[in-house]
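> Just dropping this structure here.
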Amino acid sequence: MKAPLDLINEYSTKIYSKYKKDPGGMLVITGTLFWVFSAFAQVGAILINDKIPKNQKKFLIPQEIADAGINIAAFYLFTNTCNKVASKLVSTGKLSYKPIKDYIEKKIPNAEIGKFSTKIDDLIAATPELIRIKKPYNQFKNGVCVAVNVVASVIACNIVTPYLRNHLGAKAQKISIEKAAHPTTLPAQNTPILPRIHVQNRIGIDDYKKQATVKAIYPNTSSSMRI
Amino acid sequence: MTKISDILDRRIYEPLHKAMPEKTVVSRKTAKFFMHVGKTISSPEVRLITGVTALASQPFIDLHNKEVDEKTRIVSCAKTIAKIVVGTTTGVLVRHGCIKLAELGCQFKKVSGEAVKWSTLFTPGFATNIDQIIQHRKTIGTILAVVVSLFTNFAIDMPLTKFLTNIFTKKFENQKTDSKGGSK
């Protein structure tokens, strides 16, 4: 069995291989995890706060849950999509730095720069003459991805989330206030459940009088009625 | 079987890629700016930027939320400010501290075959590029920060947010009554 230090080192090397060229992707994943853990704490902060009246908690708790859900979804989906698109734009050459683009076109004249299928990373790896531009290309690509990541995070967390969470929180508050104002009446637990009375073949008072008279005059008449 | 990444490529990324105009950065300053951003900005900086912009936008969105009554609006705004202040401060400090810790455990002197020590605990086995090692320290530090935040969120963020929410709510309510009293 491997020693714990060796195991940590092994994982660290795996992380290095995965994110050395994609710091933007790392920021998206860790950022999402941060929001998830933070959301639990924020809901807890409202729950344990005795000074917030119940009625406001009815808005604040769903608001916070909506905030967490929307924030995490918006952050991950929006930021991740922006990050991927930015990465694709640079790796296909649609967004490029002129000296890098010129150098690639000079060395590989038939490189279809700007097409979705083009992969500059693969071209650099496969062409030894392009090794000179590897460092500036990676720096430019990382920079674009991180810059896009920052802008996308700000839009997702600070503009999209607050509007949507307030709307959802207010809806939840309305529903729970309405429920409190019109509680559904349920039978009390100690109330005995009465047997169902079968109303079919029930006789009226006049029929009862008639039958009683008949029974009194003709006692042998076959009738189920008892007086 | 078609991979999810292929479907995303075809359905989302390719149409978005096509819709974008082709752009070649000519200015050296712009290119340098991007390269500088990639080198220097990591999770603490991103958290700081999102925190500052959140403070500039979210309280106003909460205060102008006409779907709830005035009292709820005040508490909501106070809670948002408290949450942003506490979350940003601890978030930046935890991330920054963990990256510093990762730097101590990711010294660039590992020789292949050498036993793992504390100083090379996070140093990747085949790392050669110093820029990528620096980036790796930030990545490891940020991952460490995710673990640490599990503890700090409950031990620091939760009680501090509660405390500040009550202070801000009181302050805003007093301001409101003062301004109403003044206008009478």
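Each chain of the structure tokens is named A, B, ... in the order shown, its residues numbered from 1; ligands are numbered from 1 in display order.
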Could you give me, as JSON lines, every chain B residue with an atom at most 6 Å from chain A, plus its closest atom pair and distance in Å to one decimal, counting only C-alpha atoms, rows ordered by chain then number?


{"residue": "B:Tyr13", "atom": "CA", "partner": "A:Val85", "partner_atom": "CA", "distance": 6.0}
{"residue": "B:Glu22", "atom": "CA", "partner": "A:Lys94", "partner_atom": "CA", "distance": 4.9}
{"residue": "B:Lys23", "atom": "CA", "partner": "A:Leu95", "partner_atom": "CA", "distance": 4.9}
{"residue": "B:Thr24", "atom": "CA", "partner": "A:Ser96", "partner_atom": "CA", "distance": 4.9}
{"residue": "B:Val25", "atom": "CA", "partner": "A:Tyr97", "partner_atom": "CA", "distance": 4.7}
{"residue": "B:Val26", "atom": "CA", "partner": "A:Lys98", "partner_atom": "CA", "distance": 5.4}
{"residue": "B:Phe34", "atom": "CA", "partner": "A:Gly143", "partner_atom": "CA", "distance": 4.4}
{"residue": "B:Met35", "atom": "CA", "partner": "A:Gly143", "partner_atom": "CA", "distance": 4.9}
{"residue": "B:Val37", "atom": "CA", "partner": "A:Gly143", "partner_atom": "CA", "distance": 5.2}
{"residue": "B:Gly38", "atom": "CA", "partner": "A:Gly143", "partner_atom": "CA", "distance": 3.5}
{"residue": "B:Thr50", "atom": "CA", "partner": "A:Val154", "partner_atom": "CA", "distance": 5.4}
{"residue": "B:Ala54", "atom": "CA", "partner": "A:Asn158", "partner_atom": "CA", "distance": 5.2}
{"residue": "B:Glu67", "atom": "CA", "partner": "A:Ala170", "partner_atom": "CA", "distance": 6.0}
{"residue": "B:Thr72", "atom": "CA", "partner": "A:Gln56", "partner_atom": "CA", "distance": 5.7}
{"residue": "B:Leu121", "atom": "CA", "partner": "A:Asn9", "partner_atom": "CA", "distance": 5.5}
{"residue": "B:Phe122", "atom": "CA", "partner": "A:Asn9", "partner_atom": "CA", "distance": 5.3}
{"residue": "B:Pro124", "atom": "CA", "partner": "A:Thr13", "partner_atom": "CA", "distance": 4.3}
{"residue": "B:Gln132", "atom": "CA", "partner": "A:Lys20", "partner_atom": "CA", "distance": 5.9}
{"residue": "B:His136", "atom": "CA", "partner": "A:Tyr16", "partner_atom": "CA", "distance": 5.9}
{"residue": "B:Asn153", "atom": "CA", "partner": "A:Ala41", "partner_atom": "CA", "distance": 5.6}
{"residue": "B:Phe154", "atom": "CA", "partner": "A:Ala41", "partner_atom": "CA", "distance": 5.5}
{"residue": "B:Met158", "atom": "CA", "partner": "A:Ala45", "partner_atom": "CA", "distance": 4.8}
{"residue": "B:Lys162", "atom": "CA", "partner": "A:Ala45", "partner_atom": "CA", "distance": 5.5}

> Within 7 Å of Ser43 of chain B, counting only C-alpha atoms, which residues show up once you throw out same-chain ones fewer than 4 positions away? Write them as a ChimeraX atom specification, please.

/A:27 /B:47,95,142

> Give me a file of those residues, with all heavy atoms, as an mmCIF file, in the first residue's frame.


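Output file part.cif follows:
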data_model
loop_
_atom_site.group_PDB
_atom_site.id
_atom_site.type_symbol
_atom_site.label_atom_id
_atom_site.label_comp_id
_atom_site.auth_asym_id
_atom_site.auth_seq_id
_atom_site.Cartn_x
_atom_site.Cartn_y
_atom_site.Cartn_z
ATOM 1 N N LEU A 27 -11.284 27.073 -12.152
ATOM 2 C CA LEU A 27 -12.022 28.130 -11.439
ATOM 3 C C LEU A 27 -13.523 27.862 -11.451
ATOM 4 O O LEU A 27 -14.210 28.131 -10.469
ATOM 5 C CB LEU A 27 -11.729 29.496 -12.082
ATOM 6 C CG LEU A 27 -10.344 30.087 -11.831
ATOM 7 C CD1 LEU A 27 -10.166 31.365 -12.629
ATOM 8 C CD2 LEU A 27 -10.117 30.364 -10.354
ATOM 9 N N ARG B 47 -12.784 35.940 -6.496
ATOM 10 C CA ARG B 47 -13.736 36.086 -5.377
ATOM 11 C C ARG B 47 -13.856 37.552 -4.969
ATOM 12 O O ARG B 47 -14.954 38.034 -4.686
ATOM 13 C CB ARG B 47 -13.269 35.223 -4.191
ATOM 14 C CG ARG B 47 -14.243 35.183 -3.025
ATOM 15 C CD ARG B 47 -15.504 34.433 -3.408
ATOM 16 N NE ARG B 47 -16.562 34.530 -2.405
ATOM 17 C CZ ARG B 47 -17.490 35.469 -2.380
ATOM 18 N NH1 ARG B 47 -17.497 36.434 -3.292
ATOM 19 N NH2 ARG B 47 -18.424 35.474 -1.456
ATOM 20 N N ARG B 95 -8.834 31.451 0.616
ATOM 21 C CA ARG B 95 -8.187 31.083 -0.657
ATOM 22 C C ARG B 95 -6.728 31.518 -0.668
ATOM 23 O O ARG B 95 -5.837 30.743 -1.039
ATOM 24 C CB ARG B 95 -8.935 31.718 -1.838
ATOM 25 C CG ARG B 95 -10.239 31.035 -2.191
ATOM 26 C CD ARG B 95 -11.053 31.993 -3.048
ATOM 27 N NE ARG B 95 -12.267 31.458 -3.592
ATOM 28 C CZ ARG B 95 -13.435 31.415 -2.992
ATOM 29 N NH1 ARG B 95 -13.544 31.845 -1.744
ATOM 30 N NH2 ARG B 95 -14.508 30.946 -3.602
ATOM 31 N N THR B 142 -6.416 26.384 -4.158
ATOM 32 C CA THR B 142 -7.866 26.591 -4.291
ATOM 33 C C THR B 142 -8.624 25.325 -3.887
ATOM 34 O O THR B 142 -9.672 25.407 -3.221
ATOM 35 C CB THR B 142 -8.216 26.998 -5.745
ATOM 36 O OG1 THR B 142 -7.414 28.113 -6.095
ATOM 37 C CG2 THR B 142 -9.668 27.355 -5.889
#

> In terms of the shortest atom-to-atom distance over only C-alpha atoms, which of B:Pro15, B:Pro159, B:Pro21, B:Gly91 is closest to Gly51 of chain B?

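Once distances to Gly51 of chain B are computed over only C-alpha atoms, the minimum belongs to B:Gly91.
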
> Could you tell me which of B:Leu104, B:Gln135, B:Ile81, B:Ile167 comes closest to Thr120 of chain B if we count only C-alpha atoms?

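Ranked by minimum distance to Thr120 of chain B, first place goes to B:Leu104.
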
> What is the distance, in Å and to one decimal place, between atom CA of Thr127 of chain A and atom CA of Lys107 of chain A?

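Interatomic distance here is 9.0 Å.
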